[in-house]
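Presented below is the structure to which this report refers.
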Amino acid sequence: MAEAQSYTGGCHCGAVRFTCTTDISTVIECNCSHCSMKGLLLAFSPRDRFTLEKGQESLTEYRFNKRVIAHQFCKVCGVEPFSFGTDPNGVNTAALNVRCFDGVDITSLNRMAYDGAKA
């Protein structure tokens with residue numbers, strides 16, 4: 001397993017910016033209706049390893065299905081750079097859209113399929 005590293009990222013228009021520490025040696029490619037439509041590639045980080053640097057006022061939230069994941073997206077450009085939830089152990093977690101990380105070549109990432117459509 002690779003070691004967690006620090007990354008910066010944000011939405012398309014730049015209104016939302018964040019820093020995080022996570023491991024992207026393997027990212028999750030979920031097939032639920034939400035993730036598949038948006039093409040999300042996900043890495044996860046405890047919330048205390050995620051910092052919203054700017055743009056709180058530009059974020060809006062979307063919840064669906066069981067309404068346990070707070071999908072955050074930019075009101076200006078519509079991009080979802082991250083969402084918030086709780087992992088199976090009860091830890092507050094940020095689900096990070098790796099496509100929104102600065103300088104990451106997503107074609108080189110190891111993708112792990114997750115069957116969110118049946119979860």
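Note on naming: chains are A, B, ... as they come in the structure tokens, residues start from 1 per chain, ligands start from 1 in the order shown.
Close contacts of Asp87 (chain A), defined as residues with an atom at most 10 Å away when counting only C-alpha atoms, with chain neighbours fewer than 6 positions off set aside, comprise A:Phe44, A:Ser45, A:Pro46, A:Thr93, A:Ala94, A:Ala95.
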Using DSSP on the backbone, list every residue of chain A that comes out as helix (DSSP H, G or I), and give them as a ChimeraX atom specification.
-> /A:33-38,47-49,56-58,98-100,106-108
Would you mind exporting the chosen residues as a short mmCIF file (atom, residue, chain, number, x, y, z; two decimals), in the first residue's frame, restricted to N, CA and C atoms?
```cif
data_model
loop_
_atom_site.label_atom_id
_atom_site.label_comp_id
_atom_site.auth_asym_id
_atom_site.auth_seq_id
_atom_site.Cartn_x
_atom_site.Cartn_y
_atom_site.Cartn_z
N SER A 33 -25.91 5.41 -9.63
CA SER A 33 -26.44 6.36 -10.62
C SER A 33 -25.74 7.71 -10.54
N HIS A 34 -25.40 8.17 -9.34
CA HIS A 34 -24.77 9.48 -9.18
C HIS A 34 -23.33 9.47 -9.66
N CYS A 35 -22.52 8.56 -9.13
CA CYS A 35 -21.09 8.53 -9.48
C CYS A 35 -20.86 8.22 -10.96
N SER A 36 -21.64 7.29 -11.50
CA SER A 36 -21.41 6.93 -12.90
C SER A 36 -21.78 8.06 -13.85
N MET A 37 -22.85 8.79 -13.56
CA MET A 37 -23.22 9.92 -14.42
C MET A 37 -22.18 11.02 -14.39
N LYS A 38 -21.54 11.22 -13.23
CA LYS A 38 -20.54 12.28 -13.09
C LYS A 38 -19.13 11.81 -13.40
N ARG A 47 -11.81 13.42 7.79
CA ARG A 47 -12.10 14.86 7.66
C ARG A 47 -11.00 15.73 8.25
N ASP A 48 -10.28 15.24 9.24
CA ASP A 48 -9.22 16.05 9.83
C ASP A 48 -7.98 16.13 8.94
N ARG A 49 -8.01 15.43 7.80
CA ARG A 49 -6.92 15.51 6.83
C ARG A 49 -7.39 16.22 5.56
N GLN A 56 -16.46 28.18 0.65
CA GLN A 56 -17.61 27.66 1.40
C GLN A 56 -18.92 28.28 0.89
N GLU A 57 -18.88 29.57 0.59
CA GLU A 57 -20.09 30.27 0.11
C GLU A 57 -20.49 29.85 -1.30
N SER A 58 -19.60 29.20 -2.03
CA SER A 58 -19.89 28.75 -3.39
C SER A 58 -20.39 27.31 -3.44
N VAL A 98 -10.90 12.55 -7.33
CA VAL A 98 -9.50 12.65 -7.74
C VAL A 98 -9.36 13.39 -9.07
N ARG A 99 -10.41 13.40 -9.88
CA ARG A 99 -10.38 14.16 -11.13
C ARG A 99 -10.20 15.66 -10.87
N CYS A 100 -10.47 16.10 -9.64
CA CYS A 100 -10.34 17.52 -9.28
C CYS A 100 -9.00 17.84 -8.63
N ILE A 106 -4.85 11.00 -14.31
CA ILE A 106 -5.84 9.98 -13.95
C ILE A 106 -5.72 8.72 -14.80
N THR A 107 -5.09 8.81 -15.96
CA THR A 107 -4.92 7.61 -16.79
C THR A 107 -3.95 6.62 -16.17
N SER A 108 -3.14 7.07 -15.23
CA SER A 108 -2.16 6.18 -14.60
C SER A 108 -2.68 5.55 -13.31
#
```
So how far away is CA of Arg67 (chain A) from CA of Asn92 (chain A), in Å?
->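 Interatomic distance, CA of Asn92 (chain A) to CA of Arg67 (chain A): 15.1 Å.
Those residues that approach region 109-117 of chain A to within 6 Å, counting only C-alpha atoms, are A:Thr26, A:Val27, A:Ile28, A:Glu29, A:Cys30, A:Asn31, A:Cys32, A:Ile106; same-chain residues fewer than 3 positions away are not listed.
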Just-selected residues, N, CA and C atoms written as a PDB file, in the first residue's frame:
```pdb
ATOM      1  N   THR A  26      -4.874   3.399  -5.289  1.00  0.00           N
ATOM      2  CA  THR A  26      -6.064   2.782  -5.872  1.00  0.00           C
ATOM      3  C   THR A  26      -7.225   3.724  -5.615  1.00  0.00           C
ATOM      4  N   VAL A  27      -7.992   4.010  -6.657  1.00  0.00           N
ATOM      5  CA  VAL A  27      -9.170   4.864  -6.514  1.00  0.00           C
ATOM      6  C   VAL A  27     -10.418   4.041  -6.807  1.00  0.00           C
ATOM      7  N   ILE A  28     -11.523   4.477  -6.250  1.00  0.00           N
ATOM      8  CA  ILE A  28     -12.799   3.777  -6.396  1.00  0.00           C
ATOM      9  C   ILE A  28     -13.568   4.343  -7.586  1.00  0.00           C
ATOM     10  N   GLU A  29     -14.046   3.447  -8.426  1.00  0.00           N
ATOM     11  CA  GLU A  29     -14.922   3.820  -9.536  1.00  0.00           C
ATOM     12  C   GLU A  29     -16.268   3.146  -9.267  1.00  0.00           C
ATOM     13  N   CYS A  30     -17.191   3.923  -8.724  1.00  0.00           N
ATOM     14  CA  CYS A  30     -18.497   3.421  -8.296  1.00  0.00           C
ATOM     15  C   CYS A  30     -19.491   3.476  -9.466  1.00  0.00           C
ATOM     16  N   ASN A  31     -20.373   2.483  -9.515  1.00  0.00           N
ATOM     17  CA  ASN A  31     -21.353   2.433 -10.600  1.00  0.00           C
ATOM     18  C   ASN A  31     -22.758   2.873 -10.173  1.00  0.00           C
ATOM     19  N   CYS A  32     -22.867   3.541  -9.014  1.00  0.00           N
ATOM     20  CA  CYS A  32     -24.197   4.028  -8.632  1.00  0.00           C
ATOM     21  C   CYS A  32     -24.632   5.092  -9.639  1.00  0.00           C
ATOM     22  N   ILE A 106      -4.847  10.998 -14.307  1.00  0.00           N
ATOM     23  CA  ILE A 106      -5.836   9.980 -13.947  1.00  0.00           C
ATOM     24  C   ILE A 106      -5.720   8.721 -14.796  1.00  0.00           C
TER      25      ILE A 106
END
```
Contacts of region 7-21 of chain A at 8 Å or less, counting only C-alpha atoms, minus same-chain residues fewer than 2 places along, as a ChimeraX atom specification?
-> /A:4-5,23,45,49-56,58-59,74,76-77,79-81,100-102
So that I have them on file, write out the residues from the current selection with N, CA and C atoms, as a PDB file, in the first residue's frame.
```
ATOM      1  N   ALA A   4       0.104   7.879   2.135  1.00  0.00           N
ATOM      2  CA  ALA A   4      -0.728   9.052   1.868  1.00  0.00           C
ATOM      3  C   ALA A   4       0.163  10.252   1.565  1.00  0.00           C
ATOM      4  N   GLN A   5      -0.294  11.088   0.643  1.00  0.00           N
ATOM      5  CA  GLN A   5       0.417  12.301   0.253  1.00  0.00           C
ATOM      6  C   GLN A   5      -0.538  13.483   0.308  1.00  0.00           C
ATOM      7  N   ASP A  23      -4.311   8.619   0.078  1.00  0.00           N
ATOM      8  CA  ASP A  23      -3.586   7.639  -0.730  1.00  0.00           C
ATOM      9  C   ASP A  23      -4.378   7.428  -2.021  1.00  0.00           C
ATOM     10  N   SER A  45     -10.498  10.228   2.740  1.00  0.00           N
ATOM     11  CA  SER A  45      -9.613  10.807   3.734  1.00  0.00           C
ATOM     12  C   SER A  45     -10.422  11.135   4.980  1.00  0.00           C
ATOM     13  N   ARG A  49      -8.013  15.428   7.796  1.00  0.00           N
ATOM     14  CA  ARG A  49      -6.918  15.510   6.827  1.00  0.00           C
ATOM     15  C   ARG A  49      -7.392  16.223   5.558  1.00  0.00           C
ATOM     16  N   PHE A  50      -8.508  16.914   5.664  1.00  0.00           N
ATOM     17  CA  PHE A  50      -9.099  17.685   4.564  1.00  0.00           C
ATOM     18  C   PHE A  50      -9.311  19.116   5.050  1.00  0.00           C
ATOM     19  N   THR A  51      -8.911  20.092   4.227  1.00  0.00           N
ATOM     20  CA  THR A  51      -9.129  21.500   4.555  1.00  0.00           C
ATOM     21  C   THR A  51      -9.739  22.214   3.359  1.00  0.00           C
ATOM     22  N   LEU A  52     -10.878  22.831   3.567  1.00  0.00           N
ATOM     23  CA  LEU A  52     -11.467  23.693   2.545  1.00  0.00           C
ATOM     24  C   LEU A  52     -10.736  25.020   2.636  1.00  0.00           C
ATOM     25  N   GLU A  53      -9.958  25.351   1.612  1.00  0.00           N
ATOM     26  CA  GLU A  53      -9.148  26.570   1.619  1.00  0.00           C
ATOM     27  C   GLU A  53      -9.962  27.803   1.244  1.00  0.00           C
ATOM     28  N   LYS A  54     -10.906  27.632   0.322  1.00  0.00           N
ATOM     29  CA  LYS A  54     -11.791  28.746  -0.054  1.00  0.00           C
ATOM     30  C   LYS A  54     -13.024  28.214  -0.750  1.00  0.00           C
ATOM     31  N   GLY A  55     -14.090  29.005  -0.672  1.00  0.00           N
ATOM     32  CA  GLY A  55     -15.286  28.701  -1.440  1.00  0.00           C
ATOM     33  C   GLY A  55     -16.465  28.140  -0.683  1.00  0.00           C
ATOM     34  N   GLN A  56     -16.458  28.179   0.646  1.00  0.00           N
ATOM     35  CA  GLN A  56     -17.608  27.662   1.400  1.00  0.00           C
ATOM     36  C   GLN A  56     -18.917  28.280   0.886  1.00  0.00           C
ATOM     37  N   SER A  58     -19.595  29.198  -2.028  1.00  0.00           N
ATOM     38  CA  SER A  58     -19.892  28.752  -3.392  1.00  0.00           C
ATOM     39  C   SER A  58     -20.387  27.312  -3.443  1.00  0.00           C
ATOM     40  N   LEU A  59     -20.419  26.636  -2.291  1.00  0.00           N
ATOM     41  CA  LEU A  59     -20.841  25.238  -2.259  1.00  0.00           C
ATOM     42  C   LEU A  59     -22.328  25.104  -1.981  1.00  0.00           C
ATOM     43  N   CYS A  74     -20.005  22.974  -6.604  1.00  0.00           N
ATOM     44  CA  CYS A  74     -19.880  24.408  -6.800  1.00  0.00           C
ATOM     45  C   CYS A  74     -21.141  24.951  -7.469  1.00  0.00           C
ATOM     46  N   VAL A  76     -21.296  27.707  -8.942  1.00  0.00           N
ATOM     47  CA  VAL A  76     -20.909  28.474 -10.125  1.00  0.00           C
ATOM     48  C   VAL A  76     -20.735  27.561 -11.336  1.00  0.00           C
ATOM     49  N   CYS A  77     -19.884  26.523 -11.209  1.00  0.00           N
ATOM     50  CA  CYS A  77     -19.561  25.677 -12.366  1.00  0.00           C
ATOM     51  C   CYS A  77     -20.191  24.283 -12.322  1.00  0.00           C
ATOM     52  N   VAL A  79     -19.284  21.561 -10.610  1.00  0.00           N
ATOM     53  CA  VAL A  79     -18.388  20.431 -10.363  1.00  0.00           C
ATOM     54  C   VAL A  79     -18.491  19.984  -8.908  1.00  0.00           C
ATOM     55  N   GLU A  80     -18.432  18.651  -8.708  1.00  0.00           N
ATOM     56  CA  GLU A  80     -18.418  18.071  -7.366  1.00  0.00           C
ATOM     57  C   GLU A  80     -17.005  17.637  -7.003  1.00  0.00           C
ATOM     58  N   PRO A  81     -16.259  18.463  -6.267  1.00  0.00           N
ATOM     59  CA  PRO A  81     -14.892  18.085  -5.928  1.00  0.00           C
ATOM     60  C   PRO A  81     -14.785  17.125  -4.745  1.00  0.00           C
ATOM     61  N   CYS A 100     -10.469  16.100  -9.644  1.00  0.00           N
ATOM     62  CA  CYS A 100     -10.340  17.516  -9.277  1.00  0.00           C
ATOM     63  C   CYS A 100      -8.999  17.841  -8.626  1.00  0.00           C
ATOM     64  N   PHE A 101      -8.106  16.864  -8.495  1.00  0.00           N
ATOM     65  CA  PHE A 101      -6.785  17.109  -7.919  1.00  0.00           C
ATOM     66  C   PHE A 101      -5.895  17.797  -8.950  1.00  0.00           C
ATOM     67  N   ASP A 102      -5.062  18.699  -8.492  1.00  0.00           N
ATOM     68  CA  ASP A 102      -4.110  19.371  -9.373  1.00  0.00           C
ATOM     69  C   ASP A 102      -2.971  18.417  -9.748  1.00  0.00           C
TER      70      ASP A 102
END
```
Would you please work out which residue, of A:Ala43, A:Val104, A:Ala119, A:Leu96, is nearest to His71 (chain A) when using only C-alpha atoms?
->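 Looking only at the distances to His71 (chain A), the closest residue turns out to be A:Leu96.
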Could you pull the residues within 7 Å of Val68 (chain A), counting only C-alpha atoms, minus those fewer than 2 positions along the same chain, as a PyMOL selection string?
-> chain A and resi 66+70+85
